Amino acid sequence: MWRAYSDMREAKYIGADKYFHARGNYEAAQRGPGGEWAAKVISDAREHSQRVTDLFRHGDSGYGAEDSRRDQEANEWGRSGKDPNHFRPEGLPDKY
């Protein structure tokens, strides 16, 4: 998961967020049940912490809720063993 996160930060590619979510979870899940478990725990914690941050910044407006839901869908997609390239944006360099 760290490699996908680092690549996402390096790429700074608009629209690639869901791809990196799916890829990180996919790679972790490929390491076996422990990797899948860790990916779920880390992904859930990340999304929950983001929701708390959004609550403090924007109040109970629902800000970010839809994006968080889509992130979780991409996380689950990857953890389930489905190809993360489903979320790959056109033009993202092959390096990633």
# chains A, B, ... in the order shown; residues from 1 in each chain; ligands from 1
call {"tool": "residues_around", "arguments": {"residues": "stretch 73-90 of chain A", "least_positions_apart": "5", "cutoff": "6 Å", "atoms": "only C-alpha atoms", "output": "PyMOL selection string"}}
result
chain A and resi 16+18-19+21-23+25-26+29
call {"tool": "select_by_dssp", "arguments": {"residues": "chain A", "states": "helix (DSSP H, G or I)", "output": "ChimeraX atom specification"}}
result
/A:2-11,17-29,33-58,65-79,84-87
call {"tool": "atom_distance", "arguments": {"atom1": "atom CA of A:Leu55", "atom2": "atom CA of A:Gly24"}}
result
26.0 Å
call {"tool": "closest_residue", "arguments": {"among": "A:Asp94, A:Asp17, A:Asp71, A:Glu36", "to": "A:His48", "atoms": "only C-alpha atoms"}}
result
A:Asp71
call {"tool": "atom_distance", "arguments": {"atom1": "atom CA of A:Ala28", "atom2": "atom CA of A:Ala4"}}
result
10.0 Å
call {"tool": "closest_residue", "arguments": {"among": "A:Tyr13, A:Lys40, A:Gly59, A:Gly64", "to": "A:Pro93", "atoms": "only C-alpha atoms"}}
result
A:Tyr13
call {"tool": "residues_around", "arguments": {"residues": "A:Lys95", "least_positions_apart": "5", "cutoff": "12 Å", "atoms": "only C-alpha atoms", "output": "VMD selection string"}}
result
chain A and resid 4 7 to 8 10 to 11
call {"tool": "write_last_selection", "arguments": {"atoms": "N, CA and C atoms", "output": "PDB file, in the first residue's frame"}}
result
ATOM      1  N   ALA A   4       1.936   2.268  -3.531  1.00  0.00           N
ATOM      2  CA  ALA A   4       0.865   2.931  -4.289  1.00  0.00           C
ATOM      3  C   ALA A   4       0.662   4.366  -3.791  1.00  0.00           C
ATOM      4  N   ASP A   7       3.578   6.450  -5.019  1.00  0.00           N
ATOM      5  CA  ASP A   7       3.424   6.720  -6.452  1.00  0.00           C
ATOM      6  C   ASP A   7       2.350   7.774  -6.708  1.00  0.00           C
ATOM      7  N   MET A   8       1.265   7.714  -5.949  1.00  0.00           N
ATOM      8  CA  MET A   8       0.187   8.697  -6.114  1.00  0.00           C
ATOM      9  C   MET A   8       0.707  10.098  -5.798  1.00  0.00           C
ATOM     10  N   GLU A  10       3.807  11.104  -5.905  1.00  0.00           N
ATOM     11  CA  GLU A  10       4.792  11.480  -6.911  1.00  0.00           C
ATOM     12  C   GLU A  10       4.128  11.875  -8.228  1.00  0.00           C
ATOM     13  N   ALA A  11       3.121  11.106  -8.639  1.00  0.00           N
ATOM     14  CA  ALA A  11       2.478  11.323  -9.934  1.00  0.00           C
ATOM     15  C   ALA A  11       1.716  12.643  -9.974  1.00  0.00           C
TER      16      ALA A  11
END
